[in-house]
Amino acid sequence: MQRRPGFPARLPGSAAPAPRPAGAGAAPKGAGAGLGQRAPAAMAVGVGLDSAAVRNRMVQKLAAGGITSPAVLQALATVERHRFIDSGLVNQAYEDTSLPIGLGQTISKPSVVARMCELLLSAESARPAGLARVLEIGTGCGYQAAVLGLLAREVYTIERLRGLHDKARDNLRPFRLANVHLMLGDGMLGYAKGAPYAAIIAAAGGDAVPQEWCDQLAVGGRLVAPMAVAGGQQMLLVIDKTPHGLKQSVLEPVHFVPLKSGIA
């Protein structure tokens, strides 16, 4: 196992990117450092939820539903979603449904995770060499962070609820994703020390996108988040930061937990 890096963790640009990490790491409160070395590339094959065939069936349904990115489909085929779900609900792990993870929060549908990740990868800045540094608002149980860890060079993920932060740390540890850094903090403030970000993704929706997120997004970067529009309906919002300002696109309806400030 490689030595745990200090914090702030070394950011992309100071070292060559890892081709495709396959493990997970977390750091204590207020810090975010991945740990562990990459696990073997081969996926376990079994007859139950550990079976790659189970995940592949889920991925086939996602592809039939319109997800076309090979990288996104491969990431969802690799990350074992059942390991992020409470034992009483584990049989629903590979259904396209959101599930409770405690403290009033949910794990997003696989189709929603795939859709939002595909939107990030289709940004202009990601086209030459993939995603660089990503900020995730709302770690939750850690599932989306694990998927992002296979798609991006570096992932900073912030959670305001201590109980979920601890759960995500425990869930991610066996994956040994050295490029995923967990932080306990107020996601509405983003994480300025890691900025600028090539991409920002939020797992909670508010009435407006915090200015801090826009400020921390790199020129050429993309932000994907749910946002309430007139009438209270949540819609998926894409913001591209161009040299001339912000370009906003409103996409399909979604349903996420409310965006809140503070640490609890």
# chains A, B, ... in the order shown; residues from 1 in each chain; ligands from 1

call {"tool": "select_by_dssp", "arguments": {"residues": "region 88-132 of chain A", "states": "strand (DSSP E or B)", "output": "JSON, numbers by chain"}}
result
{"A": [99, 100, 101, 102, 105, 106, 107, 131, 132]}

call {"tool": "closest_atom_pairs", "arguments": {"of": "region 147-225 of chain A", "to": "region 72-83 of chain A", "cutoff": "8 Å", "atoms": "only C-alpha atoms", "output": "JSON lines"}}
result
{"residue": "A:Val147", "atom": "CA", "partner": "A:Ala75", "partner_atom": "CA", "distance": 5.6}
{"residue": "A:Leu150", "atom": "CA", "partner": "A:Ala75", "partner_atom": "CA", "distance": 6.0}
{"residue": "A:Leu151", "atom": "CA", "partner": "A:Ala75", "partner_atom": "CA", "distance": 7.2}
{"residue": "A:Asn171", "atom": "CA", "partner": "A:Arg83", "partner_atom": "CA", "distance": 6.9}

call {"tool": "write_last_selection", "arguments": {"atoms": "N, CA and C atoms", "output": "PDB file, in the first residue's frame"}}
result
ATOM      1  N   VAL A 147     -17.682   6.133  -8.798  1.00  0.00           N
ATOM      2  CA  VAL A 147     -17.819   6.179 -10.249  1.00  0.00           C
ATOM      3  C   VAL A 147     -16.961   7.305 -10.825  1.00  0.00           C
ATOM      4  N   LEU A 150     -13.257   6.713 -11.302  1.00  0.00           N
ATOM      5  CA  LEU A 150     -12.827   5.981 -12.483  1.00  0.00           C
ATOM      6  C   LEU A 150     -12.882   6.824 -13.748  1.00  0.00           C
ATOM      7  N   LEU A 151     -13.467   8.010 -13.640  1.00  0.00           N
ATOM      8  CA  LEU A 151     -13.650   8.861 -14.817  1.00  0.00           C
ATOM      9  C   LEU A 151     -12.763  10.102 -14.804  1.00  0.00           C
ATOM     10  N   ASN A 171     -17.308   2.867   3.224  1.00  0.00           N
ATOM     11  CA  ASN A 171     -17.712   2.204   1.987  1.00  0.00           C
ATOM     12  C   ASN A 171     -16.621   2.244   0.923  1.00  0.00           C
TER      13      ASN A 171
END

call {"tool": "atom_distance", "arguments": {"atom1": "CA of Lys260 (chain A)", "atom2": "CA of Met188 (chain A)"}}
result
7.2 Å

call {"tool": "closest_residue", "arguments": {"among": "A:Met116, A:Cys214, A:Ile107, A:Ala64", "to": "Leu251 (chain A)", "atoms": "only C-alpha atoms"}}
result
A:Met116

call {"tool": "closest_residue", "arguments": {"among": "A:Ala202, A:Val257, A:Leu172, A:Ala264", "to": "Leu99 (chain A)", "atoms": "only C-alpha atoms"}}
result
A:Val257

call {"tool": "residues_around", "arguments": {"residues": "Arg57 (chain A)", "least_positions_apart": "5", "cutoff": "10 Å", "atoms": "only C-alpha atoms", "output": "PDB file with all heavy atoms, in the first residue's frame"}}
result
ATOM      1  N   ALA A  52     -20.057  -9.885 -11.994  1.00  0.00           N
ATOM      2  CA  ALA A  52     -19.975  -8.849 -13.015  1.00  0.00           C
ATOM      3  C   ALA A  52     -21.176  -8.911 -13.940  1.00  0.00           C
ATOM      4  O   ALA A  52     -21.617  -7.896 -14.481  1.00  0.00           O
ATOM      5  CB  ALA A  52     -18.681  -9.010 -13.813  1.00  0.00           C
ATOM      6  N   LEU A  62     -29.037   0.597 -19.100  1.00  0.00           N
ATOM      7  CA  LEU A  62     -28.671   2.010 -19.193  1.00  0.00           C
ATOM      8  C   LEU A  62     -28.353   2.384 -20.637  1.00  0.00           C
ATOM      9  O   LEU A  62     -28.739   3.449 -21.119  1.00  0.00           O
ATOM     10  CB  LEU A  62     -27.466   2.308 -18.301  1.00  0.00           C
ATOM     11  CG  LEU A  62     -27.700   2.173 -16.799  1.00  0.00           C
ATOM     12  CD1 LEU A  62     -26.394   2.384 -16.042  1.00  0.00           C
ATOM     13  CD2 LEU A  62     -28.755   3.159 -16.311  1.00  0.00           C
ATOM     14  N   ALA A  63     -27.647   1.507 -21.326  1.00  0.00           N
ATOM     15  CA  ALA A  63     -27.318   1.760 -22.723  1.00  0.00           C
ATOM     16  C   ALA A  63     -28.582   1.801 -23.572  1.00  0.00           C
ATOM     17  O   ALA A  63     -28.732   2.657 -24.449  1.00  0.00           O
ATOM     18  CB  ALA A  63     -26.357   0.692 -23.233  1.00  0.00           C
ATOM     19  N   ALA A  77     -20.243  -0.507 -14.679  1.00  0.00           N
ATOM     20  CA  ALA A  77     -20.089  -1.955 -14.694  1.00  0.00           C
ATOM     21  C   ALA A  77     -19.040  -2.413 -13.680  1.00  0.00           C
ATOM     22  O   ALA A  77     -19.049  -3.564 -13.247  1.00  0.00           O
ATOM     23  CB  ALA A  77     -19.698  -2.433 -16.090  1.00  0.00           C
ATOM     24  N   TYR A  94     -29.265  -3.192  -7.963  1.00  0.00           N
ATOM     25  CA  TYR A  94     -29.043  -3.011  -9.395  1.00  0.00           C
ATOM     26  C   TYR A  94     -30.327  -2.717 -10.157  1.00  0.00           C
ATOM     27  O   TYR A  94     -30.380  -2.822 -11.377  1.00  0.00           O
ATOM     28  CB  TYR A  94     -28.283  -4.221  -9.956  1.00  0.00           C
ATOM     29  CG  TYR A  94     -26.913  -4.284  -9.318  1.00  0.00           C
ATOM     30  CD1 TYR A  94     -26.640  -5.210  -8.316  1.00  0.00           C
ATOM     31  CD2 TYR A  94     -25.921  -3.371  -9.666  1.00  0.00           C
ATOM     32  CE1 TYR A  94     -25.395  -5.231  -7.694  1.00  0.00           C
ATOM     33  CE2 TYR A  94     -24.681  -3.387  -9.047  1.00  0.00           C
ATOM     34  CZ  TYR A  94     -24.420  -4.312  -8.064  1.00  0.00           C
ATOM     35  OH  TYR A  94     -23.193  -4.313  -7.451  1.00  0.00           O
ATOM     36  N   GLU A  95     -31.355  -2.319  -9.419  1.00  0.00           N
ATOM     37  CA  GLU A  95     -32.545  -1.771 -10.049  1.00  0.00           C
ATOM     38  C   GLU A  95     -32.336  -0.274 -10.264  1.00  0.00           C
ATOM     39  O   GLU A  95     -31.575   0.369  -9.544  1.00  0.00           O
ATOM     40  CB  GLU A  95     -33.764  -2.004  -9.156  1.00  0.00           C
ATOM     41  CG  GLU A  95     -34.100  -3.471  -8.946  1.00  0.00           C
ATOM     42  CD  GLU A  95     -35.267  -3.674  -7.995  1.00  0.00           C
ATOM     43  OE1 GLU A  95     -35.918  -2.664  -7.641  1.00  0.00           O
ATOM     44  OE2 GLU A  95     -35.515  -4.827  -7.605  1.00  0.00           O
TER      45      GLU A  95
END

call {"tool": "atom_distance", "arguments": {"atom1": "CA of Val219 (chain A)", "atom2": "CA of Thr157 (chain A)"}}
result
20.4 Å

call {"tool": "closest_residue", "arguments": {"among": "A:His181, A:Arg222, A:Arg55, A:Lys109", "to": "Gly149 (chain A)", "atoms": "only C-alpha atoms"}}
result
A:His181

call {"tool": "select_by_dssp", "arguments": {"residues": "region 18-256 of chain A", "states": "alpha helix (DSSP H)", "output": "ChimeraX atom specification"}}
result
/A:52-64,70-78,110-121,143-149,162-172,211-216

call {"tool": "write_last_selection", "arguments": {"atoms": "C-alpha atoms", "output": "compact mmCIF listing (two decimals), in the first residue's frame"}}
result
# COMPACT_ATOMS: atom_id res chain seq x y z
CA ALA A 52 -19.97 -8.85 -13.02
CA ALA A 53 -22.90 -10.26 -14.99
CA VAL A 54 -25.36 -8.61 -12.59
CA ARG A 55 -23.80 -5.21 -13.13
CA ASN A 56 -23.53 -5.80 -16.86
CA ARG A 57 -27.28 -6.39 -17.08
CA MET A 58 -27.83 -3.04 -15.35
CA VAL A 59 -25.42 -1.39 -17.79
CA GLN A 60 -27.19 -2.93 -20.78
CA LYS A 61 -30.43 -1.35 -19.60
CA LEU A 62 -28.67 2.01 -19.19
CA ALA A 63 -27.32 1.76 -22.72
CA ALA A 64 -30.78 0.89 -24.02
CA PRO A 70 -18.21 3.83 -23.08
CA ALA A 71 -16.26 5.26 -20.12
CA VAL A 72 -19.43 5.86 -18.09
CA LEU A 73 -20.86 2.45 -18.88
CA GLN A 74 -17.57 0.79 -17.95
CA ALA A 75 -17.40 2.70 -14.66
CA LEU A 76 -20.91 1.60 -13.68
CA ALA A 77 -20.09 -1.96 -14.69
CA THR A 78 -17.05 -1.85 -12.41
CA PRO A 110 -27.92 4.47 -11.64
CA SER A 111 -29.48 6.14 -14.68
CA VAL A 112 -29.19 9.57 -13.05
CA VAL A 113 -25.58 8.98 -12.02
CA ALA A 114 -24.79 7.84 -15.55
CA ARG A 115 -26.61 10.76 -17.15
CA MET A 116 -24.86 13.40 -15.02
CA CYS A 117 -21.44 11.82 -15.48
CA GLU A 118 -21.98 11.61 -19.23
CA LEU A 119 -22.87 15.29 -19.29
CA LEU A 120 -19.59 16.09 -17.52
CA LEU A 121 -17.61 14.01 -20.00
CA TYR A 143 -21.24 5.55 -4.76
CA GLN A 144 -21.08 8.42 -7.23
CA ALA A 145 -17.66 9.40 -5.89
CA ALA A 146 -16.43 5.89 -6.72
CA VAL A 147 -17.82 6.18 -10.25
CA LEU A 148 -16.23 9.61 -10.68
CA GLY A 149 -12.95 8.19 -9.40
CA ARG A 162 -20.92 13.65 9.60
CA GLY A 163 -22.76 10.32 9.69
CA LEU A 164 -22.75 10.03 5.90
CA HIS A 165 -19.18 11.26 5.63
CA ASP A 166 -18.11 8.44 7.94
CA LYS A 167 -20.26 5.92 6.06
CA ALA A 168 -18.81 6.94 2.70
CA ARG A 169 -15.28 6.68 4.08
CA ASP A 170 -15.97 3.13 5.24
CA ASN A 171 -17.71 2.20 1.99
CA LEU A 172 -14.93 3.55 -0.20
CA GLN A 211 -21.99 31.73 -6.68
CA GLU A 212 -19.05 29.95 -5.05
CA TRP A 213 -19.52 26.99 -7.39
CA CYS A 214 -19.45 29.21 -10.46
CA ASP A 215 -16.39 31.04 -9.17
CA GLN A 216 -14.54 27.76 -8.58

call {"tool": "closest_residue", "arguments": {"among": "A:Ile239, A:Val155, A:Leu246, A:Leu131", "to": "Asn179 (chain A)", "atoms": "only C-alpha atoms"}}
result
A:Val155

call {"tool": "atom_distance", "arguments": {"atom1": "CA of Ala203 (chain A)", "atom2": "CA of Gly138 (chain A)"}}
result
5.3 Å
